[in-house]
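The structure appears below as structure tokens.
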Amino acid sequence: MIKKGSWVQIKKIILNPEQRANNLPEATKKVPLLLWVKGTLLNDSEMNELVEIKTVTGRTETGELIEVNPSYLHNYGKYMPEIQEIDHIVKSALFGGDYYE
Amino acid sequence: MNNSYESVMARKNEIMRKSVGIDFSNYEKDNLSFDYEGLLSEGSFTLEKIKQVQNSNGVGNTPLKECRNITNLVRKVSKPGYGARIFIKDEALNDSGSFKARRASVSCYQAKKLGFKGVIAATSGNYGAAVASQAAKYGLKCIIVQECYDSKGIGQPEIIEKARACEAYGAEVVQLSVGPELFYKFLLLLEETGYFNASLYTPYGIMGIETLGQELILDSIRLTGKTPDVVVCTNAGGGNLTGTARGIKKTTDKNVEIVGASVNLYGLHMADDEDFNKKSFTTGHTGFGLPFIMNPDRSDVPRSAARPLRYIDRYVTVTQGEVFFMTEALSVLEGIERGPAGNTSLAAAFSIAKEMKEDQIIIVQETEYTSAGKHHQAQLAFARDNGICIYFGDPKDEIPGKSIVLPKSVDLIKAVDIDLNVIRKKFLQNQFYKSKKLSKYDIEFLSIETNTSIEYVINESKKYNIELEDIR
């Protein structure tokens with residue numbers, strides 16, 4: 001059970017495909033418009049239940065409970081060796097071909 | 001109240017009027033014109049007052065830095081005597097990490113002054129962090145509405161980072177999947193909360209950048225003894241270029257060439273769920289730059305104060321590969337690690353500097369902070385994960401959404417000109433759809449809007465069978 005007062009993220013559909021704007025590209029037209037927002041859980045709940053939350057501005061939103069203590073997991077990605085190659089190109093051009101010797 | 005898409009969009013003007021504290025209809029003139037300078041005097045701000053508001057809130061007076069190694073690199077691939085001195089205005093040092101703090105500062109000041117409890121901005125870019133940061137200073141509540149994920153929930157790394165930054169400054173971040181109906185949710189939030197619409201396109205969003213234009217001129221004179229020959233502005237919605245150019249013109253009578261630069265994302269549809277994560281730039285690209293310069297009033301306010309066509313002297317595109325390359329060059333040659341989006345104009349400046357003499361000065365007017373998600377390392381890795389082919393070659397072979405071509409040698413960095421005459425004609429065409437009649441005021445307005453002449457506008461109008469009223 002997820003306790004009332006927990007910091008959570010919810011997800012909800014705000015427009016189904018048939019409710020969406022006209023003139024959308026095909027790939028967008030066939031999927032719903034989704035919303036994600038974080039806040040404090042207003043009642044004891046279970047994961048994936050429809051829940052109510054209070055956001056930091058004091059608004060109430062309802063949606064599917066998808067994460068408790070949602071984390072920032074974005075990073076610098078897998079190492080890209082091309083970046084070393086850029087360094088090599090600009091330093092050799094500026095300081096001479098023997099810079100790396 | 002009916003909250004269907006159609007009903008909310010029908011209430012748009014009413015919601016807007018309440019949320020920006022400006023009655024835009026007061027400025028409308030004749031058939032299709034409006035009083036631009038009148039709109040830009042909303043709030044009766046002077047440049048001095050804006051400077052004071054900014055300087056007391058962690059914004060402005062950023063250093064102008066000479067990029068000596070990059071300048072020397074340009075000279076390695078220029079004709080003898082050519083290769084202008086390149087300077088960058090290190091806007092990443094504003095609170096919140098970008099020049100957008102200048103725009104947010106005036107909006108948040110005004111929101112507080114008018115008694116609003118909070119501010120809302122629809123933005124996936126640095127502007128969100130800027131509004132959140134300035135709102136924090138004034139004790140205003142803040143909601144940032146972002147287009148962040150595709151329908152599978154895969155987020156653009158740089159937008160996820162900006163969400164983190166907004167939350168770090170205490171804002172609520174409402175994240176949406178791909179689609180222009182973000183505006184629908186934005187309107188609903190304005191209606192629900194009664195907060196101030198801190199749009200990028202209100203007069204406040206533009207006035208705030210005029211200080212940047214002024215600083216560029218004063219910094220350049222202080223460091224070099226003269227005004228810059230060229231200022232390059234990364235161009236998306238047009239506000240950056242507009243505000244910078246206005247600030248420059250308020251500070252000097254000398255001729256300073258204003259160049260706009262956008263990343264070429266030709267072929268990628270901005271509202272396409274599948275294209276969303278195939279692009280490595282979420283702003284400063286042609287997907288915004290071109291539609292907004294040809295039709296500025298497509299923004300989130302009835303009349304956009306961003307009118308880049310009034311001020312732009314030259315418009316160029318650069319490729320994603322060139323911008324990543326220059327971002328790394330800035331880091332490894334100048335010791336300044338900054339985000340790629342701000343370096344769009346650096347890539348353009350590198351190319352343009354080759355055409356300029358050694359004693360000339362070219363200024364790149366912004367940098368942005370970098371970090372996880374935003375860093376070029378993260379962006380390139382994300383592109384590769386999304387099947388984009390990354391290789392060294394000639395950047396002109398890059399196909400947005402399919403490849404990122406890193407220049408295999410520095411001489412291959414080459415900004416490509418967009419014909420402004422074509423843009424001007426398209427702009428006028430869009431205006432002529434609005435009205436089949438033009439007054440004398442309308443013609444003069446359009447000549448200023450396109451930076452052309454009365455004769456030019458009249459000639460174009462003839463192609464569309466436009467009726468000219470009271471022309472003597």
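Labels used: A, B, ... for chains in the order of the structure tokens, numbers from 1 for residues in each chain, and numbers from 1 for ligands as shown.
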message: Residues of chain A within 10 Å of chain B, counting only C-alpha atoms - could you list those as number ranges by chain?
response: A: 11-15, 19-21, 23-39, 55-59, 71-91, 93-95
query: In segment 34-89 of chain A, what's helix (DSSP H, G or I) per DSSP? Answer as a PyMOL selection string?
result: chain A and resi 82-89
query: Quick one, how far is atom CA of Gly289 of chain B from atom CA of Thr234 of chain B?
result: 9.1 Å
task: Give me the residues within 10 Å of Lys3 of chain A as JSON, numbers by chain, counting only C-alpha atoms and dropping any in the same chain fewer than 4 places off.
output: {"A": [7, 40, 41, 42, 43, 44, 45, 46, 68]}
Output file for the selection above: N, CA and C atoms, as a PDB file, in the first residue's frame:
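Result went into out07.pdb, see below:
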ATOM      1  N   TRP A   7       4.957  11.250  -1.799  1.00  0.00           N
ATOM      2  CA  TRP A   7       5.245  12.070  -2.998  1.00  0.00           C
ATOM      3  C   TRP A   7       5.203  11.140  -4.209  1.00  0.00           C
ATOM      4  N   THR A  40       1.369  15.237  -3.810  1.00  0.00           N
ATOM      5  CA  THR A  40       1.216  14.455  -2.586  1.00  0.00           C
ATOM      6  C   THR A  40      -0.072  13.635  -2.666  1.00  0.00           C
ATOM      7  N   LEU A  41       0.035  12.363  -2.353  1.00  0.00           N
ATOM      8  CA  LEU A  41      -1.111  11.444  -2.439  1.00  0.00           C
ATOM      9  C   LEU A  41      -2.139  11.805  -1.359  1.00  0.00           C
ATOM     10  N   LEU A  42      -3.405  11.921  -1.767  1.00  0.00           N
ATOM     11  CA  LEU A  42      -4.430  12.380  -0.812  1.00  0.00           C
ATOM     12  C   LEU A  42      -5.103  11.236  -0.037  1.00  0.00           C
ATOM     13  N   ASN A  43      -4.967   9.988  -0.510  1.00  0.00           N
ATOM     14  CA  ASN A  43      -5.542   8.830   0.204  1.00  0.00           C
ATOM     15  C   ASN A  43      -4.627   7.626   0.071  1.00  0.00           C
ATOM     16  N   ASP A  44      -4.658   6.738   1.054  1.00  0.00           N
ATOM     17  CA  ASP A  44      -3.918   5.479   0.921  1.00  0.00           C
ATOM     18  C   ASP A  44      -4.354   4.804  -0.380  1.00  0.00           C
ATOM     19  N   SER A  45      -3.398   4.327  -1.161  1.00  0.00           N
ATOM     20  CA  SER A  45      -3.742   3.779  -2.481  1.00  0.00           C
ATOM     21  C   SER A  45      -2.801   2.655  -2.859  1.00  0.00           C
ATOM     22  N   GLU A  46      -3.092   2.028  -3.977  1.00  0.00           N
ATOM     23  CA  GLU A  46      -2.206   1.004  -4.549  1.00  0.00           C
ATOM     24  C   GLU A  46      -1.657   1.550  -5.864  1.00  0.00           C
ATOM     25  N   VAL A  68       6.262   6.149  -6.995  1.00  0.00           N
ATOM     26  CA  VAL A  68       6.383   6.750  -5.664  1.00  0.00           C
ATOM     27  C   VAL A  68       7.798   7.318  -5.556  1.00  0.00           C
TER      28      VAL A  68
END
task: Just list the residues in segment 123-369 of chain B DSSP gives strand (DSSP E or B) on the backbone, as a PyMOL selection string.
output: chain B and resi 141-149+155+172-177+196-197+230-234+257-263+285+314-318+357+361-364
- line: For Lys4 of chain A, the closest of A:Glu61, A:Glu52, A:Glu101, A:Glu67 counting only C-alpha atoms is A:Glu52
Hey, what's within 12 Å of Thr224 of chain B if we count only C-alpha atoms and toss same-chain stuff fewer than 4 positions away? As a PDB file with N, CA and C atoms, in the first residue's frame, please?
ATOM      1  N   LEU B  64      31.191  39.438 -21.410  1.00  0.00           N
ATOM      2  CA  LEU B  64      31.453  39.174 -22.830  1.00  0.00           C
ATOM      3  C   LEU B  64      32.878  38.634 -22.900  1.00  0.00           C
ATOM      4  N   LYS B  65      33.036  37.460 -23.493  1.00  0.00           N
ATOM      5  CA  LYS B  65      34.347  36.796 -23.485  1.00  0.00           C
ATOM      6  C   LYS B  65      34.875  36.621 -24.906  1.00  0.00           C
ATOM      7  N   GLU B  66      36.141  36.949 -25.100  1.00  0.00           N
ATOM      8  CA  GLU B  66      36.739  36.742 -26.419  1.00  0.00           C
ATOM      9  C   GLU B  66      37.181  35.285 -26.552  1.00  0.00           C
ATOM     10  N   ARG B  85      37.270  38.617 -35.075  1.00  0.00           N
ATOM     11  CA  ARG B  85      37.376  38.259 -33.647  1.00  0.00           C
ATOM     12  C   ARG B  85      35.997  37.817 -33.151  1.00  0.00           C
ATOM     13  N   ILE B  86      35.949  36.609 -32.560  1.00  0.00           N
ATOM     14  CA  ILE B  86      34.672  36.060 -32.079  1.00  0.00           C
ATOM     15  C   ILE B  86      34.570  36.251 -30.564  1.00  0.00           C
ATOM     16  N   PHE B  87      33.458  36.820 -30.146  1.00  0.00           N
ATOM     17  CA  PHE B  87      33.161  36.993 -28.718  1.00  0.00           C
ATOM     18  C   PHE B  87      31.863  36.257 -28.392  1.00  0.00           C
ATOM     19  N   LEU B 216      25.666  44.233 -24.961  1.00  0.00           N
ATOM     20  CA  LEU B 216      26.581  43.790 -26.035  1.00  0.00           C
ATOM     21  C   LEU B 216      27.382  44.961 -26.597  1.00  0.00           C
ATOM     22  N   ILE B 217      26.673  46.048 -26.828  1.00  0.00           N
ATOM     23  CA  ILE B 217      27.317  47.223 -27.418  1.00  0.00           C
ATOM     24  C   ILE B 217      28.318  47.828 -26.424  1.00  0.00           C
ATOM     25  N   LEU B 218      27.865  48.014 -25.182  1.00  0.00           N
ATOM     26  CA  LEU B 218      28.737  48.652 -24.183  1.00  0.00           C
ATOM     27  C   LEU B 218      29.942  47.761 -23.860  1.00  0.00           C
ATOM     28  N   ASP B 219      29.715  46.452 -23.748  1.00  0.00           N
ATOM     29  CA  ASP B 219      30.823  45.507 -23.495  1.00  0.00           C
ATOM     30  C   ASP B 219      31.840  45.559 -24.633  1.00  0.00           C
ATOM     31  N   SER B 220      31.312  45.573 -25.861  1.00  0.00           N
ATOM     32  CA  SER B 220      32.195  45.559 -27.034  1.00  0.00           C
ATOM     33  C   SER B 220      33.058  46.820 -27.069  1.00  0.00           C
ATOM     34  N   PRO B 228      30.309  46.189 -32.311  1.00  0.00           N
ATOM     35  CA  PRO B 228      30.493  44.977 -33.114  1.00  0.00           C
ATOM     36  C   PRO B 228      29.983  45.184 -34.540  1.00  0.00           C
ATOM     37  N   ASP B 229      30.568  44.447 -35.480  1.00  0.00           N
ATOM     38  CA  ASP B 229      30.087  44.513 -36.864  1.00  0.00           C
ATOM     39  C   ASP B 229      28.875  43.608 -37.048  1.00  0.00           C
ATOM     40  N   ASP B 359      40.129  42.527 -38.337  1.00  0.00           N
ATOM     41  CA  ASP B 359      39.890  43.564 -37.330  1.00  0.00           C
ATOM     42  C   ASP B 359      38.401  43.747 -37.035  1.00  0.00           C
ATOM     43  N   GLN B 360      37.556  42.918 -37.659  1.00  0.00           N
ATOM     44  CA  GLN B 360      36.113  43.038 -37.405  1.00  0.00           C
ATOM     45  C   GLN B 360      35.712  42.179 -36.203  1.00  0.00           C
ATOM     46  N   ILE B 361      34.519  42.483 -35.702  1.00  0.00           N
ATOM     47  CA  ILE B 361      34.053  41.834 -34.472  1.00  0.00           C
ATOM     48  C   ILE B 361      32.698  41.185 -34.692  1.00  0.00           C
ATOM     49  N   ILE B 362      32.602  39.931 -34.282  1.00  0.00           N
ATOM     50  CA  ILE B 362      31.325  39.222 -34.365  1.00  0.00           C
ATOM     51  C   ILE B 362      30.999  38.693 -32.962  1.00  0.00           C
ATOM     52  N   ILE B 363      29.766  38.937 -32.548  1.00  0.00           N
ATOM     53  CA  ILE B 363      29.355  38.524 -31.197  1.00  0.00           C
ATOM     54  C   ILE B 363      28.272  37.450 -31.272  1.00  0.00           C
TER      55      ILE B 363
END
field: Who sits within 7 Å of Glu449 of chain B, only C-alpha atoms, same chain under 2 positions skipped, as a PyMOL selection string
entry: chain B and resi 309-310+445-447+451
